[in-house]
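**Q** Okay, so here is protein10.cif, and as you'll see once you scroll down, it has mmCIF, C-alpha atoms and all ligand atoms.
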data_upload
loop_
_atom_site.label_atom_id
_atom_site.label_comp_id
_atom_site.auth_asym_id
_atom_site.auth_seq_id
_atom_site.Cartn_x
_atom_site.Cartn_y
_atom_site.Cartn_z
CA MET A 1 20.91 50.28 99.74
CA THR A 2 18.48 52.50 97.90
CA ASN A 3 17.37 56.01 98.35
CA MET A 4 13.61 56.59 98.36
CA THR A 5 13.67 59.47 95.93
CA THR A 6 16.77 59.05 93.80
CA GLY A 7 17.23 55.28 93.45
CA PRO A 8 20.70 53.81 94.03
CA VAL A 9 22.72 55.47 96.76
CA PRO A 10 25.86 57.16 95.43
CA THR A 11 29.20 56.10 96.83
CA ALA A 12 31.38 58.72 98.46
CA PHE A 13 34.04 59.95 96.08
CA ASN A 14 37.67 60.30 96.99
CA GLU A 15 40.45 61.94 94.96
CA GLU A 16 41.14 58.77 92.93
CA THR A 17 37.55 57.75 92.16
CA LEU A 18 36.73 61.32 91.24
CA LYS A 19 39.50 61.33 88.63
CA ALA A 20 38.09 58.13 87.14
CA TYR A 21 34.64 59.74 87.13
CA ILE A 22 35.87 62.83 85.29
CA VAL A 23 37.46 60.60 82.64
CA SER A 24 34.11 58.80 82.21
CA GLN A 25 32.28 62.08 81.47
CA PRO A 26 33.42 63.36 78.04
CA HIS A 27 32.37 66.99 78.53
CA LEU A 28 34.02 67.19 81.95
CA PHE A 29 37.15 65.41 80.71
CA ALA A 30 37.28 67.80 77.75
CA LEU A 31 37.42 70.75 80.16
CA PHE A 32 40.81 69.35 81.24
CA LYS A 33 41.89 68.79 77.61
CA ASN A 34 41.45 65.03 78.12
CA ASP A 35 44.50 64.88 80.34
CA LEU A 36 44.37 64.59 84.11
CA SER A 37 48.10 64.03 84.62
CA THR A 38 48.58 67.46 86.21
CA VAL A 39 45.16 67.62 87.83
CA GLN A 40 45.09 67.95 91.59
CA ILE A 41 42.00 67.07 93.67
CA ASP A 42 41.48 68.08 97.31
CA GLU A 43 38.44 67.85 99.58
CA ILE A 44 37.82 71.39 100.84
CA GLY A 45 34.25 71.33 102.16
CA ASP A 46 33.58 73.04 105.47
CA GLY A 47 29.79 73.26 105.37
CA ASN A 48 27.30 71.36 107.49
CA LEU A 49 25.79 69.09 104.85
CA ASN A 50 27.97 68.20 101.85
CA PHE A 51 31.45 67.35 100.58
CA VAL A 52 33.25 69.67 98.17
CA PHE A 53 36.28 68.79 96.04
CA PHE A 54 38.57 71.37 94.47
CA VAL A 55 39.79 70.15 91.07
CA SER A 56 42.60 72.17 89.50
CA GLY A 57 45.23 72.05 86.75
CA ASN A 58 45.26 71.82 82.94
CA GLY A 59 41.96 73.61 82.53
CA PRO A 60 39.41 75.65 84.46
CA ALA A 61 39.31 74.90 88.17
CA LEU A 62 36.09 73.21 89.27
CA ALA A 63 34.27 72.77 92.55
CA LEU A 64 32.65 69.32 92.67
CA LYS A 65 29.99 69.06 95.32
CA GLN A 66 28.67 65.71 96.47
CA ALA A 67 25.55 65.30 98.61
CA LEU A 68 25.54 61.93 100.39
CA PRO A 69 22.47 60.41 102.07
CA TYR A 70 23.39 61.98 105.39
CA SER A 71 24.57 65.35 106.65
CA ARG A 72 28.31 65.86 106.86
CA ILE A 73 28.04 67.53 110.27
CA SER A 74 26.44 64.35 111.72
CA GLY A 75 29.26 62.10 110.52
CA GLY A 76 26.68 59.79 108.92
CA LYS A 77 24.18 59.65 111.78
CA ARG A 78 21.59 62.08 110.38
CA ALA A 79 19.99 60.67 107.22
CA LEU A 80 19.14 63.11 104.43
CA THR A 81 18.01 62.34 100.91
CA CYS A 82 20.45 63.12 98.14
CA GLU A 83 17.68 64.90 96.27
CA ARG A 84 18.76 68.12 97.97
CA LEU A 85 21.43 68.50 95.30
CA ALA A 86 18.78 68.36 92.56
CA PHE A 87 16.94 71.24 94.24
CA GLU A 88 20.19 73.15 94.52
CA THR A 89 20.96 72.59 90.82
CA ALA A 90 17.47 73.61 89.74
CA ALA A 91 17.64 76.75 91.88
CA LEU A 92 21.10 77.66 90.58
CA ARG A 93 19.80 77.35 87.03
CA GLU A 94 16.71 79.42 87.81
CA PHE A 95 18.70 82.15 89.56
CA ALA A 96 21.26 82.13 86.72
CA ARG A 97 18.40 82.81 84.29
CA LEU A 98 17.40 85.86 86.33
CA ALA A 99 20.72 87.19 87.65
CA PRO A 100 23.48 85.48 85.63
CA GLN A 101 26.22 87.81 86.83
CA PHE A 102 25.81 86.67 90.42
CA VAL A 103 25.54 82.88 90.10
CA PRO A 104 28.39 80.39 89.52
CA ILE A 105 28.33 78.43 86.25
CA VAL A 106 26.89 74.91 86.50
CA HIS A 107 29.08 72.60 84.37
CA HIS A 108 27.49 69.27 85.17
CA PHE A 109 24.91 67.56 87.36
CA ASP A 110 24.68 63.81 87.88
CA PRO A 111 21.67 62.85 90.05
CA GLU A 112 22.78 59.20 90.30
CA GLN A 113 26.15 60.08 91.82
CA SER A 114 24.59 63.11 93.50
CA LEU A 115 27.39 65.23 92.11
CA LEU A 116 27.38 68.83 90.93
CA ALA A 117 30.29 70.45 89.06
CA LEU A 118 30.52 74.20 89.40
CA GLU A 119 32.84 76.95 88.28
CA PHE A 120 35.53 77.29 91.00
CA LEU A 121 35.39 80.86 92.22
CA SER A 122 38.79 82.46 92.57
CA PRO A 123 40.08 84.75 94.07
CA HIS A 124 36.68 85.03 95.75
CA ILE A 125 36.41 84.32 99.46
CA ILE A 126 33.46 83.55 101.72
CA MET A 127 31.97 86.89 102.75
CA ARG A 128 31.72 85.98 106.43
CA LYS A 129 35.48 85.42 106.55
CA GLY A 130 36.17 88.67 104.72
CA MET A 131 34.00 90.57 107.18
CA ILE A 132 35.76 89.01 110.16
CA ASP A 133 38.99 90.34 108.63
CA GLY A 134 37.43 93.78 108.24
CA ILE A 135 37.41 93.82 104.42
CA GLU A 136 35.06 96.37 102.88
CA TYR A 137 32.96 95.37 99.87
CA PRO A 138 31.77 98.64 98.31
CA LEU A 139 29.88 97.01 95.43
CA PHE A 140 28.21 94.29 97.45
CA ALA A 141 25.00 96.18 98.28
CA ASP A 142 24.39 97.06 94.64
CA HIS A 143 25.16 93.49 93.51
CA ILE A 144 23.09 91.67 96.08
CA SER A 145 20.13 94.03 95.77
CA THR A 146 20.08 93.34 92.02
CA TYR A 147 20.32 89.60 92.69
CA LEU A 148 17.50 89.75 95.25
CA ALA A 149 15.23 91.96 93.17
CA ASN A 150 15.72 89.95 89.97
CA CYS A 151 15.39 86.52 91.58
CA LEU A 152 12.51 87.32 93.92
CA TYR A 153 10.51 89.41 91.47
CA GLY A 154 11.30 87.07 88.58
CA THR A 155 9.88 84.03 90.39
CA SER A 156 6.82 85.85 91.74
CA ASP A 157 3.30 86.13 90.36
CA PHE A 158 4.23 89.64 89.22
CA ALA A 159 6.48 88.08 86.55
CA LEU A 160 5.29 84.49 86.01
CA SER A 161 2.07 83.11 84.63
CA ALA A 162 -0.03 81.42 87.31
CA SER A 163 0.47 78.03 85.64
CA LYS A 164 4.26 78.31 85.52
CA LYS A 165 4.38 79.58 89.09
CA ARG A 166 2.22 76.69 90.36
CA GLU A 167 4.42 74.19 88.55
CA MET A 168 7.49 75.64 90.25
CA VAL A 169 5.85 75.88 93.67
CA ALA A 170 4.89 72.21 93.37
CA TYR A 171 8.44 71.17 92.42
CA TYR A 172 10.17 72.98 95.28
CA ALA A 173 7.47 71.96 97.77
CA ARG A 174 9.15 68.54 97.66
CA ASN A 175 12.28 69.99 99.26
CA ILE A 176 10.73 68.78 102.50
CA GLU A 177 13.75 67.66 104.45
CA LEU A 178 15.74 70.85 104.15
CA CYS A 179 12.66 72.96 104.86
CA GLU A 180 12.13 70.93 108.01
CA ILE A 181 15.68 71.84 109.09
CA THR A 182 15.05 75.52 108.39
CA GLU A 183 11.76 75.54 110.25
CA ARG A 184 13.03 73.62 113.26
CA LEU A 185 16.42 75.33 113.62
CA ILE A 186 15.24 78.87 112.97
CA PHE A 187 11.72 79.10 114.35
CA THR A 188 11.19 76.24 116.78
CA GLU A 189 14.08 74.90 118.83
CA PRO A 190 15.59 78.24 119.93
CA PHE A 191 12.23 79.18 121.46
CA MET A 192 11.83 76.05 123.58
CA ASP A 193 13.86 73.69 125.67
CA SER A 194 15.82 71.54 123.20
CA VAL A 195 18.95 69.41 123.50
CA ASN A 196 20.10 70.89 120.22
CA ASN A 197 20.34 74.41 121.59
CA GLN A 198 23.72 75.72 122.71
CA TRP A 199 24.81 79.07 124.05
CA THR A 200 27.58 80.69 126.04
CA SER A 201 26.79 79.51 129.53
CA PRO A 202 26.35 80.63 132.24
CA ALA A 203 26.49 84.22 130.93
CA LEU A 204 23.44 83.85 128.67
CA ASP A 205 21.39 81.42 130.82
CA GLY A 206 19.10 84.02 132.36
CA VAL A 207 18.40 85.86 129.11
CA VAL A 208 17.69 82.60 127.27
CA ALA A 209 15.23 81.49 129.97
CA LYS A 210 13.48 84.86 129.76
CA LEU A 211 13.33 84.78 125.98
CA GLN A 212 11.96 81.23 125.92
CA SER A 213 9.15 82.16 128.28
CA ASP A 214 8.26 85.43 126.58
CA VAL A 215 4.82 84.77 125.08
CA GLU A 216 4.60 88.07 123.19
CA LEU A 217 7.95 87.39 121.50
CA LYS A 218 7.05 83.79 120.70
CA ILE A 219 3.76 84.85 119.13
CA ARG A 220 5.63 87.23 116.80
CA VAL A 221 8.08 84.44 115.90
CA GLY A 222 5.11 82.10 115.44
CA ALA A 223 3.58 84.56 112.95
CA LEU A 224 6.85 84.76 111.01
CA LYS A 225 7.04 80.97 110.90
CA HIS A 226 3.42 80.73 109.78
CA LYS A 227 4.15 83.19 106.99
CA PHE A 228 7.22 81.18 105.95
CA LEU A 229 5.10 78.02 105.85
CA THR A 230 2.19 79.46 103.91
CA GLN A 231 3.14 82.48 101.80
CA SER A 232 4.62 81.26 98.51
CA ASP A 233 5.48 84.67 97.06
CA ALA A 234 8.80 83.92 95.37
CA LEU A 235 11.51 81.29 95.03
CA LEU A 236 13.86 81.84 97.95
CA HIS A 237 17.49 80.90 98.24
CA ALA A 238 16.38 80.22 101.82
CA ASP A 239 19.86 80.11 103.35
CA LEU A 240 21.25 83.44 102.22
CA HIS A 241 23.70 84.06 105.05
CA SER A 242 27.15 85.55 104.58
CA GLY A 243 28.60 82.03 104.23
CA SER A 244 26.51 81.59 101.07
CA VAL A 245 28.18 84.57 99.39
CA MET A 246 31.61 84.43 97.75
CA LEU A 247 33.08 87.69 96.59
CA THR A 248 35.93 90.00 95.73
CA SER A 249 35.84 93.78 95.84
CA LEU A 250 34.51 93.69 92.26
CA ASP A 251 32.46 90.53 91.94
CA THR A 252 29.74 88.80 93.98
CA LYS A 253 28.46 85.24 93.62
CA VAL A 254 25.66 83.57 95.58
CA ILE A 255 26.21 79.86 96.21
CA ASP A 256 24.50 76.92 97.95
CA PRO A 257 20.74 77.34 97.39
CA GLU A 258 19.99 73.76 98.48
CA PHE A 259 17.30 74.95 100.93
CA ALA A 260 15.39 76.62 98.05
CA ILE A 261 11.63 76.90 98.56
CA PHE A 262 8.87 79.35 97.72
CA GLY A 263 8.26 81.76 100.57
CA PRO A 264 7.95 85.42 101.59
CA MET A 265 10.52 87.72 99.98
CA GLY A 266 11.51 89.20 103.33
CA PHE A 267 12.93 85.84 104.44
CA ASP A 268 15.95 86.01 102.10
CA ILE A 269 16.62 89.69 102.75
CA GLY A 270 16.15 89.23 106.50
CA ILE A 271 18.50 86.23 106.77
CA LEU A 272 21.16 88.22 104.93
CA ILE A 273 20.74 91.36 107.02
CA GLY A 274 20.61 89.30 110.22
CA ASN A 275 23.99 87.79 109.39
CA LEU A 276 25.51 91.17 108.55
CA LEU A 277 24.27 92.43 111.92
CA LEU A 278 25.70 89.38 113.71
CA ASN A 279 29.06 90.32 112.28
CA TYR A 280 28.47 93.95 113.27
CA PHE A 281 27.94 92.96 116.90
CA ALA A 282 30.99 90.67 116.86
CA GLN A 283 33.34 93.39 115.54
CA GLU A 284 34.12 94.62 119.05
CA ALA A 285 35.97 91.35 119.63
CA TYR A 286 38.16 91.69 116.53
CA GLU A 287 39.35 95.21 117.17
CA ALA A 288 43.06 95.61 116.68
CA THR A 289 43.21 99.38 116.62
CA GLY A 290 41.40 100.10 119.86
CA ASP A 291 38.45 101.82 118.17
CA GLY A 292 36.24 98.74 118.00
CA ARG A 293 36.55 98.93 114.23
CA ALA A 294 34.19 101.90 114.24
CA THR A 295 34.70 102.66 110.55
CA TYR A 296 34.10 99.09 109.55
CA ARG A 297 30.98 98.86 111.69
CA GLN A 298 29.65 101.98 110.02
CA HIS A 299 30.36 100.36 106.64
CA ILE A 300 28.26 97.33 107.64
CA LEU A 301 25.31 99.53 108.61
CA GLU A 302 25.55 101.57 105.42
CA THR A 303 25.65 98.32 103.45
CA ILE A 304 22.42 97.18 105.15
CA GLU A 305 20.71 100.48 104.35
CA ALA A 306 21.92 100.33 100.73
CA ILE A 307 20.68 96.74 100.32
CA TRP A 308 17.16 97.76 101.25
CA THR A 309 17.21 101.01 99.24
CA GLY A 310 18.61 99.18 96.20
CA PHE A 311 16.17 96.31 96.51
CA SER A 312 13.08 98.49 96.79
CA LYS A 313 14.20 100.76 93.93
CA LYS A 314 14.89 97.77 91.66
CA ILE A 315 11.61 96.05 92.56
CA ASN A 316 9.81 99.28 91.73
CA GLU A 317 11.52 99.41 88.33
CA LEU A 318 10.63 95.80 87.58
CA TRP A 319 7.06 96.47 88.66
CA GLN A 320 6.78 99.48 86.33
CA ASN A 321 8.37 97.80 83.32
CA ASN A 322 8.03 94.00 83.64
CA ARG A 323 4.60 93.16 84.98
CA THR A 324 4.35 90.05 82.84
CA GLY A 325 2.70 87.77 85.40
CA ASP A 326 -0.89 87.05 86.32
CA ALA A 327 -0.94 89.28 89.42
CA TYR A 328 -1.81 92.90 88.57
CA SER A 329 -1.10 92.14 84.93
CA SER A 330 -0.47 95.06 82.60
CA ALA A 331 -3.30 93.76 80.43
CA VAL A 332 -5.77 94.65 83.16
CA PHE A 333 -3.96 97.65 84.69
CA ASP A 334 -2.99 99.88 81.78
CA SER A 335 0.07 101.88 82.87
CA ASN A 336 -0.63 104.54 80.24
CA ASP A 337 -3.62 105.67 82.27
CA PRO A 338 -2.24 108.09 84.94
CA ALA A 339 -4.91 107.16 87.49
CA ILE A 340 -4.12 103.46 87.16
CA ARG A 341 -0.42 104.19 87.24
CA SER A 342 -0.75 106.05 90.51
CA ALA A 343 -2.94 103.29 91.99
CA MET A 344 -0.29 100.76 90.95
CA ASP A 345 2.39 102.84 92.68
CA ASN A 346 0.37 102.51 95.88
CA VAL A 347 0.00 98.75 95.43
CA ILE A 348 3.75 98.15 95.19
CA ALA A 349 4.49 100.61 98.02
CA SER A 350 2.13 98.75 100.30
CA TYR A 351 3.57 95.37 99.23
CA LEU A 352 7.10 96.59 99.97
CA GLU A 353 6.04 97.88 103.36
CA GLY A 354 5.03 94.32 104.22
CA VAL A 355 8.31 92.93 102.87
CA PHE A 356 10.20 95.51 104.96
CA HIS A 357 8.55 94.38 108.21
CA ASP A 358 9.06 90.73 107.34
CA THR A 359 12.72 91.49 106.63
CA LEU A 360 13.23 92.95 110.10
CA GLY A 361 11.44 90.04 111.72
CA TYR A 362 13.40 87.34 109.88
CA ALA A 363 16.68 89.20 110.52
CA ALA A 364 15.94 89.23 114.26
CA VAL A 365 14.95 85.55 114.40
CA GLU A 366 18.11 84.58 112.48
CA MET A 367 20.22 86.51 114.97
CA ILE A 368 18.59 84.73 117.89
CA ARG A 369 18.88 81.25 116.42
CA ARG A 370 22.58 81.74 115.51
CA THR A 371 23.23 82.77 119.13
CA ILE A 372 21.29 80.17 121.13
CA GLY A 373 20.24 77.46 118.64
CA ARG A 374 21.93 74.51 116.97
CA ALA A 375 23.91 76.18 114.18
CA HIS A 376 26.16 79.04 115.16
CA THR A 377 28.47 81.05 112.93
CA ILE A 378 32.21 81.60 113.11
CA ASP A 379 31.65 85.34 113.72
CA PHE A 380 31.12 84.41 117.36
CA ASP A 381 32.48 80.86 117.56
CA MET A 382 36.01 82.09 116.91
CA ILE A 383 35.96 84.57 119.81
CA ASP A 384 38.01 82.74 122.44
CA ASP A 385 37.46 85.19 125.28
CA LYS A 386 34.14 84.06 126.75
CA ASP A 387 33.54 87.38 128.50
CA ILE A 388 33.89 89.41 125.34
CA ARG A 389 31.90 86.86 123.39
CA SER A 390 29.00 86.78 125.83
CA ARG A 391 29.00 90.58 126.07
CA CYS A 392 28.55 90.79 122.28
CA GLU A 393 25.97 87.99 122.27
CA LEU A 394 23.88 89.68 124.95
CA LYS A 395 23.74 92.78 122.74
CA VAL A 396 22.57 90.60 119.84
CA LEU A 397 19.75 89.12 121.92
CA SER A 398 18.68 92.46 123.32
CA PHE A 399 18.71 94.04 119.85
CA ALA A 400 16.80 91.18 118.21
CA THR A 401 14.19 91.07 120.98
CA THR A 402 13.55 94.81 120.64
CA VAL A 403 13.17 94.48 116.87
CA LEU A 404 10.64 91.68 117.25
CA LYS A 405 8.63 93.44 119.92
CA LYS A 406 8.65 96.96 118.52
CA GLU A 407 8.49 96.15 114.84
CA LYS A 408 5.69 98.65 114.17
CA GLU A 409 7.98 101.48 115.30
CA PHE A 410 10.47 100.80 112.50
CA ARG A 411 9.49 102.69 109.35
CA ILE A 412 12.74 102.82 107.37
CA MET A 413 15.98 100.84 107.44
CA VAL A 414 17.79 103.68 109.18
CA ASP A 415 15.52 103.06 112.19
CA LEU A 416 17.06 99.60 112.43
CA THR A 417 20.66 100.71 111.95
CA LYS A 418 20.16 103.50 114.51
CA LEU A 419 19.06 100.94 117.08
CA ALA A 420 22.11 98.79 116.25
CA LYS A 421 24.34 101.82 116.93
CA LEU A 422 22.56 102.55 120.20
CA GLN A 423 23.04 98.95 121.37
CA ASN A 424 26.71 99.00 120.57
C1 LIG A 501 22.29 71.06 109.88
S1 LIG A 501 22.31 72.40 108.81
C2 LIG A 501 22.45 73.78 109.84
C3 LIG A 501 22.41 75.06 109.14
O1 LIG A 501 23.40 75.10 108.13
C4 LIG A 501 22.85 75.60 106.94
O2 LIG A 501 23.70 76.47 106.29
C5 LIG A 501 21.55 76.25 107.33
O3 LIG A 501 21.74 77.58 107.75
C6 LIG A 501 21.11 75.38 108.44
O4 LIG A 501 20.16 75.99 109.27
MG MG A 502 25.21 76.11 102.86
#
Have the structure of the file written as structure tokens, please.
**A**
Amino acid sequence: MTNMTTGPVPTAFNEETLKAYIVSQPHLFALFKNDLSTVQIDEIGDGNLNFVFFVSGNGPALALKQALPYSRISGGKRALTCERLAFETAALREFARLAPQFVPIVHHFDPEQSLLALEFLSPHIIMRKGMIDGIEYPLFADHISTYLANCLYGTSDFALSASKKREMVAYYARNIELCEITERLIFTEPFMDSVNNQWTSPALDGVVAKLQSDVELKIRVGALKHKFLTQSDALLHADLHSGSVMLTSLDTKVIDPEFAIFGPMGFDIGILIGNLLLNYFAQEAYEATGDGRATYRQHILETIEAIWTGFSKKINELWQNNRTGDAYSSAVFDSNDPAIRSAMDNVIASYLEGVFHDTLGYAAVEMIRRTIGRAHTIDFDMIDDKDIRSRCELKVLSFATTVLKKEKEFRIMVDLTKLAKLQN
């Protein structure tokens, strides 16, 4: 069997064959001091697409990720090219160049075996799980806003030469299969009748029917999809939900950029904020103290506000000091001239206003698709009581619909967090 894009199809590793593989790769073997006698290997993947092995003992712990020519969630039925791991590796390397503190170390990539060896992050946990447990992450907003500003600005025409940018756009444009998943699961299926959709029934049936026949709403979603398809502003992680973040109270790492593609900056920020809001609306179900985790919910909203404030401040700084690209280049717009400087301030303010509105739109669409589409999140899936779950989900749908329909009324992030408080 061959794979159209990567040649021979890799065979699925198991604990034994993976040990033999490590021995065959001198630099990987050396990480374990050329001795695997105490090394332990366990498959720990819980994602939708790939397999992940935890390798520990006698050296640094590694996470070995293997992408097979099908999605894990389909049990082999849904074919996918292995090339997705090459896009993930390239994106990890690019993001590490721009925000090294927030990206795991890549130790090794083997396209033939479709295998990626990464630093094993410990004691980090998946953010979504931490939030379900009510853990506060006081540094997260500062960390992720730096990551977003550096990675999005650094891969935009504000920082890159037009030639370099085009080269990169062309490379990631080949990430066709994963983009197709993003487009279909986020923007298409939830807004039509599809066998892939699933929701808490019968409680949500009426609202879903209404939403799927709401032309005004679907036109707004259509515009967001069109923008995602056509506006190649910056290299996106493109799946930046709270399951793609591993963290401690002091450290934040962004993982899994296999969906990477050039697109509008607001997509990444919106997906992230949408997932934080999903968790916000699910908190009522986790309450142990009888107060609906009011303090924790407030922390989530303040985190959302701080992400946007931090991002826009950092983008502004980069714009003032690092306009090295072909768009609005410093060579043409001399910042020493006060009139030009003030005009440039207006340019970035207007650009960020657009990113802000996109962010709200993508956040809302993400919330809808995680509630009624194919891929849900554990924030809601783990709520056993269907009444409580559907009550929270109805609030999500009402909130997201309002955001999409009244987007012009939102001027600052506090307008969004205020609405979230009103709905809850
Ligand atoms: C079949 S993949 C489903 C979802 O999982 C990924 O993390 C992406 O969010 C995708 O939409
Ligand atoms: Mg993932």
**Q** 7 Å from ligand MG 502 (chain A) is the threshold here; counting all atoms listed in the file, which polymer residues fall inside it? Answer as a list in words.
**A**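 My answer, listing the contacting residues, is Gly47, Asn48, Asp239, Gly243, Ser244 and Asp256 of chain A.
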**Q** For the residues selected in the previous step, produce a file with C-alpha atoms as a compact mmCIF listing (two decimals), keeping the file's coordinate frame.
**A**
# COMPACT_ATOMS: atom_id res chain seq x y z
CA GLY A 47 29.79 73.26 105.37
CA ASN A 48 27.30 71.36 107.49
CA ASP A 239 19.86 80.11 103.35
CA GLY A 243 28.60 82.03 104.23
CA SER A 244 26.51 81.59 101.07
CA ASP A 256 24.50 76.92 97.95
**Q** Can you write out as CSV which residues of region 266-314 of chain A fall within 12 Å of region 346-366 of chain A, alongside each residue's closest atom pair and its distance in Å to one decimal, counting all atoms listed in the file and ordering rows by chain and ascending residue number?
**A**
residue,atom,partner,partner_atom,distance
A:Gly266,CA,A:Thr359,CA,4.2
A:Phe267,CA,A:Tyr362,CA,5.7
A:Asp268,CA,A:Thr359,CA,7.8
A:Ile269,CA,A:Thr359,CA,5.8
A:Gly270,CA,A:Ala363,CA,4.1
A:Ile271,CA,A:Ala363,CA,5.1
A:Leu272,CA,A:Ala363,CA,7.2
A:Ile273,CA,A:Ala363,CA,5.8
A:Gly274,CA,A:Ala363,CA,3.9
A:Asn275,CA,A:Glu366,CA,7.4
A:Leu276,CA,A:Ala363,CA,9.3
A:Leu277,CA,A:Ala363,CA,8.4
A:Leu278,CA,A:Glu366,CA,9.1
A:Ile304,CA,A:Ala363,CA,11.2
A:Glu305,CA,A:Phe356,CA,11.6
A:Ile307,CA,A:Thr359,CA,11.4
A:Trp308,CA,A:Phe356,CA,8.2
A:Thr309,CA,A:Phe356,CA,10.6
A:Phe311,CA,A:Leu352,CA,9.7
A:Ser312,CA,A:Leu352,CA,7.0
A:Lys313,CA,A:Leu352,CA,10.2
A:Lys314,CA,A:Leu352,CA,11.5
**Q** At most 7 Å is the cut-off: for each residue in region 11-85 of chain A with any atom that close to an atom of region 111-125 of chain A, write down the nearest atom pair and the distance in Å rounded to one decimal, counting all atoms listed in the file, chain first then increasing number, as a tab-separated table.
**A**
residue	atom	partner	partner_atom	distance
A:Ala61	CA	A:Phe120	CA	5.3
A:Leu62	CA	A:Phe120	CA	4.5
A:Ala63	CA	A:Phe120	CA	4.9
A:Leu64	CA	A:Ala117	CA	4.5
A:Lys65	CA	A:Leu116	CA	5.1
A:Gln66	CA	A:Leu115	CA	4.6
A:Ala67	CA	A:Ser114	CA	5.6
A:Cys82	CA	A:Ser114	CA	6.2
A:Leu85	CA	A:Ser114	CA	6.5
**Q** Would you list the contacts of region 201-207 of chain A as a list of chain:residue names, taking every protein, DNA or RNA residue within 9 Å and counting all atoms listed in the file, but skipping same-chain residues closer than 6 positions in sequence?
**A**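 Once the nearby chain positions are removed, what remains is A:Ile372, A:Lys386, A:Asp387, A:Ser390, A:Arg391, A:Glu393, A:Leu394, A:Leu397, A:Ser398.
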**Q** Can you tell me which residues sit at most 10 Å away from ligand LIG 501 (chain A), counting all atoms listed in the file, written as an MDAnalysis selection string?
**A** chainID A and resid 47:50 71:74 78 178:186 238:244 256:259 271 366 369:370 373:377
**Q** Give me the residues within 8 Å of Leu92 (chain A) as number ranges by chain, counting only C-alpha atoms and dropping any in the same chain fewer than 4 places off.
**A** A: 88, 96, 103-104, 106, 255, 257
**Q** Please define a box with edges along x, y and z of the file around all atoms of region 285-297 of chain A given in the file, extend it by 4 Å on each side, and return its centre and edge lengths in Å to one decimal, as AutoDock Vina command-line options.
**A**
--center_x 37.1 --center_y 97.0 --center_z 114.7 --size_x 20.2 --size_y 19.3 --size_z 18.3
**Q** Between A:Gln298, A:Asn424, A:Leu224, A:Ala173, single out the one closest to Glu284 (chain A), counting all atoms listed in the file.
**A** A:Asn424
**Q** CA of Arg84 (chain A) and CA of Asn175 (chain A) are how many Å apart?
**A**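 Separation between CA of Arg84 (chain A) and CA of Asn175 (chain A): 6.9 Å.
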**Q** Using all atoms listed in the file, which of A:Gly310, A:Gly130, A:Gly263, A:Pro190 sits nearest Val169 (chain A)?
**A** A:Gly263
**Q** Just give me the gap between CA of Asp142 (chain A) and CA of Arg341 (chain A) in Å, one decimal is fine.
**A** 26.9 Å
**Q** Show which residues sit within 6 Å of region 13-22 of chain A, as an MDAnalysis selection string. Count only C-alpha atoms, and ignore same-chain residues fewer than 4 positions away.
**A** chainID A and resid 28:29 41
**Q** Measuring atom to atom with only C-alpha atoms, identify which of A:His299, A:Lys418, A:Ile132, A:Phe262 is nearest to Phe380 (chain A).
**A**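 Smallest separation from Phe380 (chain A) among the options: A:Ile132.
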**Q** For Ala162 (chain A), find every residue with an atom within 12 Å (counting only C-alpha atoms), except residues of its own chain fewer than 3 positions away, and show them as a list of chain:residue names.
**A**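 Neighbouring residues, sequence-local ones excluded: A:Thr155, A:Ser156, A:Asp157, A:Phe158, A:Ala159, A:Lys165, A:Arg166, A:Glu167, A:Met168, A:Val169, A:Asp233, A:Thr324, A:Gly325, A:Asp326, A:Ala327, A:Tyr328, A:Ser329.
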**Q** Using only C-alpha atoms, pick whichever of A:Thr188, A:Pro264, A:Gly222, A:Tyr153 has the shortest atom-to-atom distance to Gln320 (chain A).
**A** A:Tyr153
**Q** As an exercise, work out the distance from CA of Lys395 (chain A) to CA of Gln212 (chain A) in Å and give it to one decimal place.
**A**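 Computing it gives 16.8 Å between the two atoms.
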**Q** Would you please work out which residue, of A:Ile44, A:Ile315, A:Leu160, A:Leu31, is nearest to Leu148 (chain A) when using only C-alpha atoms?
**A**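 Between A:Ile44, A:Ile315, A:Leu160, A:Leu31, the residue approaching Leu148 (chain A) most closely is A:Ile315.
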**Q** So, counting all atoms listed in the file, which residue among A:Ser342, A:Asp384, A:Val208, A:Leu301 is closest to Thr371 (chain A)?
**A** A:Val208
**Q** List as number ranges by chain the protein and nucleic acid residues near Glu287 (chain A), meaning an atom at most 10 Å away when only C-alpha atoms are counted, but skip any in the same chain fewer than 5 places from it.
**A** A: 133-134, 282, 292-294
